[in-house]
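Data from model_35.txt: compact mmCIF, C-alpha atoms
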# COMPACT_ATOMS: atom_id res chain seq x y z
CA MET A 1 0.41 -10.73 9.91
CA THR A 2 2.70 -7.75 10.41
CA GLY A 3 0.91 -4.70 11.82
CA ALA A 4 1.44 -0.98 11.69
CA VAL A 5 4.82 -1.29 13.38
CA GLY A 6 7.38 -3.65 11.89
CA ALA A 7 8.46 -4.97 8.51
CA PRO A 8 6.43 -4.23 5.37
CA VAL A 9 3.78 -6.75 4.37
CA PRO A 10 4.40 -8.49 1.04
CA VAL A 11 1.24 -8.53 -1.08
CA PHE A 12 0.84 -10.64 -4.22
CA PHE A 13 -1.91 -9.72 -6.68
CA ILE A 14 -2.66 -13.00 -8.45
CA SER A 15 -4.83 -13.28 -11.55
CA ASP A 16 -5.65 -15.81 -14.24
CA ASN A 17 -5.50 -12.95 -16.75
CA THR A 18 -3.82 -9.53 -16.89
CA GLY A 19 -4.03 -8.77 -13.18
CA VAL A 20 -5.72 -5.39 -13.57
CA THR A 21 -8.79 -6.45 -11.59
CA ALA A 22 -6.69 -7.92 -8.79
CA GLU A 23 -4.62 -4.75 -8.58
CA THR A 24 -7.63 -2.43 -8.68
CA LEU A 25 -9.72 -4.26 -6.08
CA GLY A 26 -6.72 -5.16 -3.96
CA ASN A 27 -5.33 -1.65 -3.80
CA ALA A 28 -8.79 -0.31 -2.95
CA LEU A 29 -8.81 -2.61 0.09
CA LEU A 30 -5.22 -1.91 1.11
CA ALA A 31 -5.91 1.83 1.07
CA HIS A 32 -7.92 1.31 4.27
CA PHE A 33 -4.69 0.51 6.12
CA PRO A 34 -2.55 3.65 5.75
CA GLY A 35 -0.46 2.71 8.79
CA ILE A 36 0.93 -0.40 7.11
CA ARG A 37 3.56 -0.37 4.39
CA PHE A 38 2.93 -2.92 1.65
CA VAL A 39 5.35 -4.32 -0.90
CA ARG A 40 3.28 -5.23 -3.95
CA ARG A 41 3.90 -7.71 -6.77
CA THR A 42 1.55 -8.75 -9.56
CA PHE A 43 1.38 -12.25 -11.03
CA PRO A 44 -0.78 -12.34 -14.20
CA PHE A 45 -1.87 -15.41 -16.16
CA VAL A 46 -1.78 -17.80 -13.22
CA ASP A 47 -4.08 -20.29 -14.93
CA SER A 48 -2.69 -23.70 -13.99
CA PRO A 49 -1.53 -25.51 -10.82
CA PRO A 50 2.14 -25.55 -11.92
CA ILE A 51 2.14 -21.77 -12.35
CA ALA A 52 0.39 -21.43 -8.99
CA GLN A 53 3.24 -23.45 -7.48
CA GLN A 54 5.73 -20.97 -8.92
CA VAL A 55 3.83 -18.13 -7.25
CA LEU A 56 3.85 -19.99 -3.93
CA SER A 57 7.59 -20.46 -4.28
CA ALA A 58 8.00 -16.72 -4.75
CA ALA A 59 5.79 -16.16 -1.69
CA ARG A 60 8.04 -18.41 0.42
CA THR A 61 10.97 -16.27 -0.62
CA ALA A 62 9.05 -13.08 0.24
CA GLY A 63 8.25 -14.37 3.73
CA PRO A 64 5.56 -16.10 5.78
CA ALA A 65 3.49 -12.92 6.15
CA THR A 66 2.86 -12.72 2.39
CA LEU A 67 -0.77 -11.90 1.61
CA LEU A 68 -2.29 -13.34 -1.57
CA LEU A 69 -5.07 -11.28 -3.17
CA VAL A 70 -6.60 -13.46 -5.82
CA THR A 71 -8.89 -13.20 -8.85
CA VAL A 72 -8.73 -16.74 -10.22
CA ARG A 73 -11.73 -18.66 -11.56
CA ALA A 74 -10.36 -22.20 -11.99
CA ALA A 75 -11.10 -24.25 -8.88
CA GLU A 76 -7.93 -26.31 -9.14
CA VAL A 77 -5.74 -23.18 -9.28
CA SER A 78 -7.55 -21.61 -6.33
CA ALA A 79 -7.16 -24.85 -4.38
CA GLU A 80 -3.44 -24.91 -5.11
CA LEU A 81 -2.98 -21.37 -3.83
CA SER A 82 -5.12 -22.02 -0.74
CA ALA A 83 -3.14 -25.15 0.10
CA GLY A 84 -0.07 -23.04 0.85
CA PRO A 85 0.74 -21.56 4.25
CA PHE A 86 -0.25 -18.05 3.23
CA ALA A 87 -3.32 -15.92 3.89
CA VAL A 88 -5.51 -15.85 0.77
CA VAL A 89 -8.24 -13.30 0.00
CA ASP A 90 -10.49 -14.21 -2.93
CA LEU A 91 -11.51 -10.83 -4.36
CA ILE A 92 -14.27 -12.28 -6.56
CA LYS A 93 -15.89 -15.22 -4.78
CA GLY A 94 -17.66 -13.31 -1.99
CA HIS A 95 -19.13 -10.77 -4.39
CA LEU A 96 -20.20 -13.48 -6.82
CA THR A 97 -21.98 -15.40 -4.08
CA ALA A 98 -23.81 -12.25 -2.97
CA LEU A 99 -24.90 -11.52 -6.55
CA GLU A 100 -26.14 -15.07 -7.01
CA LYS A 101 -28.34 -14.66 -3.95
CA LEU A 102 -29.66 -11.29 -5.09
CA LEU A 103 -30.34 -12.38 -8.67
CA GLY A 104 -31.56 -15.85 -7.85
CA VAL A 105 -29.33 -17.28 -10.58
CA LYS A 106 -26.19 -19.37 -10.29
CA GLY A 107 -23.18 -17.76 -11.91
CA ALA A 108 -21.60 -19.62 -14.81
CA ALA A 109 -18.55 -21.67 -13.96
CA GLU A 110 -16.94 -20.66 -17.25
CA VAL A 111 -17.25 -17.11 -18.51
CA ALA A 112 -16.04 -15.31 -21.59
CA PRO A 113 -12.52 -13.91 -21.23
CA HIS A 114 -13.26 -10.49 -19.78
CA HIS A 115 -9.77 -9.19 -20.50
CA SER A 116 -9.89 -9.87 -24.22
CA ILE A 117 -10.59 -7.31 -26.93
CA GLY A 118 -14.28 -8.19 -26.76
CA ASN A 119 -16.24 -5.69 -28.83
CA LEU A 120 -13.93 -5.01 -31.77
CA ASP A 121 -15.65 -1.73 -32.63
CA GLN A 122 -15.11 -0.42 -29.10
CA TYR A 123 -11.50 -1.54 -29.14
CA SER A 124 -10.86 0.13 -32.49
CA SER A 125 -12.53 3.30 -31.26
CA ARG A 126 -10.29 3.42 -28.20
CA MET A 127 -7.18 2.87 -30.32
CA ARG A 128 -8.23 5.73 -32.61
CA ALA A 129 -8.71 7.91 -29.51
CA VAL A 130 -5.21 7.03 -28.30
CA GLU A 131 -3.76 7.84 -31.73
CA TYR A 132 -5.57 11.19 -31.77
CA THR A 133 -4.37 12.01 -28.26
CA LEU A 134 -0.76 11.14 -29.06
CA THR A 135 -0.79 13.34 -32.17
CA HIS A 136 -2.34 16.22 -30.20
CA ASP A 137 0.05 16.14 -27.26
CA ASP A 138 1.66 19.33 -25.97
CA ALA A 139 0.17 21.66 -28.62
CA ALA A 140 0.91 19.28 -31.50
CA GLY A 141 -1.85 19.14 -34.11
CA ALA A 142 -3.32 22.40 -32.83
CA SER A 143 -4.80 23.13 -36.23
CA SER A 144 -7.23 20.20 -35.93
CA LEU A 145 -8.72 20.62 -32.47
CA VAL A 146 -12.22 20.52 -33.92
CA GLY A 147 -12.20 16.74 -33.41
CA ALA A 148 -11.30 16.87 -29.72
CA ASP A 149 -13.78 15.72 -27.09
CA LEU A 150 -11.71 17.53 -24.47
CA ILE A 151 -8.79 19.97 -24.38
CA ILE A 152 -6.65 19.97 -21.25
CA ILE A 153 -4.70 23.18 -20.63
CA ALA A 154 -2.17 23.80 -17.87
CA PRO A 155 1.32 25.05 -17.10
CA SER A 156 4.10 22.63 -17.93
CA ARG A 157 4.32 19.46 -15.78
CA CYS A 158 0.87 19.64 -14.18
CA GLY A 159 -0.16 16.23 -15.52
CA LYS A 160 -1.69 17.00 -18.91
CA THR A 161 -0.21 14.14 -20.91
CA PRO A 162 -0.81 11.19 -18.53
CA THR A 163 -4.36 12.37 -17.88
CA ALA A 164 -5.08 12.75 -21.59
CA LEU A 165 -3.71 9.30 -22.41
CA TYR A 166 -5.64 7.69 -19.56
CA LEU A 167 -8.90 9.22 -20.77
CA ALA A 168 -8.18 8.05 -24.30
CA LEU A 169 -7.20 4.50 -23.41
CA GLN A 170 -9.73 3.85 -20.68
CA HIS A 171 -12.67 5.90 -21.94
CA GLY A 172 -12.18 6.24 -25.68
CA LEU A 173 -12.09 10.05 -25.57
CA ARG A 174 -10.11 12.12 -28.05
CA VAL A 175 -8.14 14.44 -25.81
CA ALA A 176 -5.80 17.22 -26.87
CA ASN A 177 -3.56 18.96 -24.38
CA TYR A 178 -2.08 22.40 -24.65
CA PRO A 179 0.58 23.99 -22.44
CA LEU A 180 0.16 27.50 -21.13
CA THR A 181 3.27 29.60 -21.66
CA GLU A 182 4.47 33.06 -20.72
CA GLU A 183 3.01 34.38 -23.98
CA ASP A 184 -0.49 33.53 -22.77
CA TYR A 185 -0.26 35.06 -19.32
CA PRO A 186 0.15 38.85 -19.55
CA ALA A 187 -3.23 39.45 -21.19
CA LEU A 188 -4.78 36.36 -19.56
CA GLU A 189 -6.00 35.20 -22.94
CA LEU A 190 -6.42 31.64 -24.11
CA PRO A 191 -3.98 30.40 -26.76
CA ARG A 192 -5.32 31.37 -30.18
CA ALA A 193 -5.67 27.74 -31.33
CA VAL A 194 -7.67 26.82 -28.23
CA GLU A 195 -9.95 29.85 -27.88
CA PRO A 196 -12.64 28.71 -30.38
CA TYR A 197 -13.10 25.55 -28.31
CA ARG A 198 -13.23 27.13 -24.85
CA VAL A 199 -16.28 25.11 -23.79
CA ARG A 200 -14.26 21.91 -24.22
CA CYS A 201 -11.35 23.15 -22.10
CA PHE A 202 -10.42 21.93 -18.65
CA GLY A 203 -7.54 23.41 -16.65
CA LEU A 204 -5.08 21.72 -14.33
CA THR A 205 -3.14 23.34 -11.52
CA SER A 206 -0.84 22.16 -8.76
CA THR A 207 0.96 23.54 -5.75
CA ALA A 208 4.14 25.52 -6.28
CA GLN A 209 6.09 23.07 -4.12
CA ARG A 210 4.92 20.00 -6.02
CA LEU A 211 5.38 21.62 -9.42
CA SER A 212 8.88 22.75 -8.51
CA GLN A 213 9.78 19.24 -7.36
CA ILE A 214 8.59 17.68 -10.63
CA ARG A 215 10.36 20.27 -12.74
CA GLN A 216 13.59 19.81 -10.77
CA GLU A 217 13.51 16.12 -11.69
CA ARG A 218 13.13 16.98 -15.36
CA ARG A 219 15.38 20.03 -15.58
CA PRO A 220 17.30 20.65 -12.34
CA GLY A 221 18.38 24.15 -11.48
CA GLY A 222 17.45 27.31 -13.29
CA ALA A 223 14.38 29.50 -13.30
CA TYR A 224 12.08 26.87 -14.83
CA ALA A 225 11.93 24.86 -11.60
CA SER A 226 12.19 27.70 -9.11
CA LEU A 227 9.46 28.15 -6.54
CA PHE A 228 9.02 31.77 -7.64
CA ARG A 229 8.47 30.79 -11.28
CA CYS A 230 6.12 27.93 -10.38
CA ARG A 231 4.09 30.10 -8.01
CA GLN A 232 3.82 32.84 -10.64
CA GLU A 233 2.73 30.49 -13.43
CA LEU A 234 0.10 28.82 -11.27
CA ARG A 235 -1.30 32.21 -10.22
CA TRP A 236 -1.53 33.27 -13.84
CA ALA A 237 -3.14 30.02 -14.89
CA GLU A 238 -5.77 30.20 -12.15
CA SER A 239 -6.57 33.78 -13.12
CA LEU A 240 -6.92 32.75 -16.75
CA TYR A 241 -9.28 29.92 -15.82
CA ARG A 242 -11.46 32.30 -13.80
CA ARG A 243 -11.49 34.94 -16.55
CA HIS A 244 -12.74 32.46 -19.13
CA SER A 245 -14.94 30.35 -16.80
CA ILE A 246 -12.85 27.24 -17.41
CA PRO A 247 -13.29 24.51 -14.78
CA SER A 248 -10.06 23.39 -13.18
CA LEU A 249 -8.58 20.97 -10.68
CA ASN A 250 -5.52 20.93 -8.44
CA THR A 251 -3.64 17.73 -9.27
CA ALA A 252 -0.94 17.89 -6.58
CA ALA A 253 -2.30 15.09 -4.39
CA ARG A 254 -4.46 13.23 -6.90
CA SER A 255 -3.88 10.11 -8.97
CA VAL A 256 -4.49 10.05 -12.71
CA GLU A 257 -7.63 8.00 -12.06
CA GLU A 258 -8.98 10.61 -9.65
CA ILE A 259 -8.19 13.46 -12.04
CA ALA A 260 -9.90 11.65 -14.91
CA ALA A 261 -13.00 10.88 -12.85
CA ALA A 262 -13.31 14.52 -11.79
CA ILE A 263 -12.97 15.70 -15.41
CA LEU A 264 -15.59 13.24 -16.65
CA GLN A 265 -18.04 14.40 -14.00
CA THR A 266 -17.37 18.12 -14.33
CA MET A 267 -17.44 18.16 -18.13
CA HIS A 268 -20.40 15.77 -18.35
CA LEU A 269 -18.44 13.52 -20.66
CA ARG A 270 -19.66 10.02 -21.38
CA PRO A 271 -17.03 7.43 -22.26
CA ALA A 272 -17.13 7.02 -26.02
CA ALA A 273 -16.07 3.39 -25.92
CA ALA A 274 -15.52 2.10 -22.44
CA PRO A 275 -13.23 -0.93 -22.27
CA SER A 276 -14.41 -4.32 -21.20
CA SER A 277 -14.16 -4.72 -17.43
CA PRO A 278 -10.52 -5.54 -16.64

Take the structure in the file and give it back as structure tokens.
Amino acid sequence: MTGAVGAPVPVFFISDNTGVTAETLGNALLAHFPGIRFVRRTFPFVDSPPIAQQVLSAARTAGPATLLLVTVRAAEVSAELSAGPFAVVDLIKGHLTALEKLLGVKGAAEVAPHHSIGNLDQYSSRMRAVEYTLTHDDAAGASSLVGADLIIIAPSRCGKTPTALYLALQHGLRVANYPLTEEDYPALELPRAVEPYRVRCFGLTSTAQRLSQIRQERRPGGAYASLFRCRQELRWAESLYRRHSIPSLNTAARSVEEIAAAILQTMHLRPAAAPSSP
């Protein structure tokens, strides 16, 4: 296996369903090796030996150091993958064996499809949350914020929309997001539409350098992306958050998942309709 110095290590996330579990568990493990560069590919719905053979063919093309991170239940598919010349890490088997010992019960060989819709009420609730969040993006639908579980406020390009959509899709929360503009800053007052719901507000910030970089990608040149403008807007936003006792988080070096987790904890929000385990 290639180490910290040398070519990147190809990593295949292989699943008999959508691949979300393989990616989540696999990336959590790979994060412990920051000195190694990984090239990742995901192979969902690998649920038969012929499809497993196709994956092995792709691995041969990627190179002999390819690492297979697997969440596959069918024994014949697992055997097919293990018969190849590549290192295989079963992300489920070890944990399942440990649970069987702890619980004193043998796990079922066949389980219900854990990637399916499952509880239809929960699924419908999450879809309604996504619809609400989409129609309340970037100050849209500001006249109906009474139905929001959470209102994210921040200067432009601090991560409001992706965070709101993640919370809606993954946790079934109705999330509105509202941009702070120059009109809000001089008096350090909350936007009029948001002010009645201050206790539901959460603020996002960033670093001036990161914000400028993101804005340059969207609208290069001009005052909008300048370091001076970004630094000024972030200072104003932070002052506004302090004035109104609004909790906030710097998103510059955080993933959407990390931002969402921090918001859930800080705001004491319980997922309204958590999805089935991916």

Taking only residues of region 62-158 of chain A that have an atom at most 10 Å from an atom of region 37-44 of chain A, what is each one's shortest atom pair and its distance in Å to one decimal, using all atoms listed in the file, in chain and number order, as a Markdown table?
| residue | atom | partner | partner_atom | distance |
| --- | --- | --- | --- | --- |
| A:Ala62 | CA | A:Val39 | CA | 9.6 |
| A:Thr66 | CA | A:Val39 | CA | 9.4 |
| A:Leu67 | CA | A:Arg40 | CA | 9.6 |
| A:Leu68 | CA | A:Arg41 | CA | 9.9 |
| A:Leu69 | CA | A:Thr42 | CA | 9.5 |
| A:Val70 | CA | A:Phe43 | CA | 9.6 |
| A:Thr71 | CA | A:Pro44 | CA | 9.8 |
| A:Val72 | CA | A:Pro44 | CA | 9.9 |

*Looking at all atoms listed in the file, which of A:Val146, A:Ala74, A:Leu173, A:Leu29 is the one that sits closest to Gln122 (chain A)?*
A:Leu173

*Could you please determine the separation between CA of Gln53 (chain A) and CA of Leu81 (chain A) in Å, to one decimal place?*
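Here the two named atoms are 7.5 Å from each other.
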
*Using all atoms listed in the file, which residue out of A:Glu131, A:Gly35, A:Ala22, A:Val11 lies closest to Pro64 (chain A)?*
A:Val11

Region 53-160 of chain A near region 225-234 of chain A within 12 Å: what's each residue's closest atom pair and its distance in Å to one decimal, counting all atoms listed in the file, ordered by chain then ascending residue number, as JSON lines?
{"residue": "A:Ile153", "atom": "CA", "partner": "A:Leu234", "partner_atom": "CA", "distance": 11.9}
{"residue": "A:Ala154", "atom": "CA", "partner": "A:Leu234", "partner_atom": "CA", "distance": 8.6}
{"residue": "A:Pro155", "atom": "CA", "partner": "A:Glu233", "partner_atom": "CA", "distance": 6.7}
{"residue": "A:Ser156", "atom": "CA", "partner": "A:Glu233", "partner_atom": "CA", "distance": 9.2}
{"residue": "A:Arg157", "atom": "CA", "partner": "A:Cys230", "partner_atom": "CA", "distance": 10.2}
{"residue": "A:Cys158", "atom": "CA", "partner": "A:Leu234", "partner_atom": "CA", "distance": 9.7}

_Please return as a list of chain:residue names every residue within 10 Å of (-0.7, 19.0, -20.4), taking into account all atoms listed in the file and the file's own coordinates._
A:Asp137, A:Asp138, A:Ala139, A:Ile151, A:Ile152, A:Ile153, A:Ala154, A:Pro155, A:Ser156, A:Arg157, A:Cys158, A:Gly159, A:Lys160, A:Thr161, A:Pro162, A:Thr163, A:Ala164, A:Ala176, A:Asn177, A:Tyr178, A:Pro179, A:Leu180, A:Gly203, A:Leu204

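The nearest approach to Cys201 (chain A) among the residues A:Arg270, A:Arg215, A:His244, A:His171, with only C-alpha atoms taken into account, belongs to A:His244.
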
*Given the choices A:Ser78, A:Gln265, A:Thr207, A:Thr21, which gets closest to Pro247 (chain A) if the distance is worked out from all atoms listed in the file?*
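Of A:Ser78, A:Gln265, A:Thr207, A:Thr21, the one nearest Pro247 (chain A) is A:Gln265, counting all atoms listed in the file.
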
*Have a look at A:Ala223, A:Arg192, A:Leu30, A:Ala261 and name the one nearest to Phe13 (chain A); count all atoms listed in the file.*
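Checking each of A:Ala223, A:Arg192, A:Leu30, A:Ala261 against Phe13 (chain A), counting all atoms listed in the file, the winner is A:Leu30.
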
*Gap from CA of Arg60 (chain A) to CA of Asn17 (chain A) - Å, one decimal*: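 Going from CA of Arg60 (chain A) over to CA of Asn17 (chain A) covers 22.5 Å.
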
*Would you list the residues near (-7.4, 17.7, -33.8) (no more than 9 Å away, in the coordinates of the file, using all atoms listed in the file) as a ChimeraX atom specification?*
/A:132-133,135-136,140-148,174-176

Size and centre in Å, one decimal, axis-aligned box, all listed region 33-39 of chain A atoms plus 5 Å per side, as AutoDock Vina command-line options:
--center_x 0.3 --center_y -0.3 --center_z 3.9 --size_x 20.0 --size_y 18.0 --size_z 19.7

*Distance CA of Ala129 (chain A)-CA of Leu269 (chain A), one decimal place?*
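Answer for the CA of Ala129 (chain A) to CA of Leu269 (chain A) separation: 14.3 Å.
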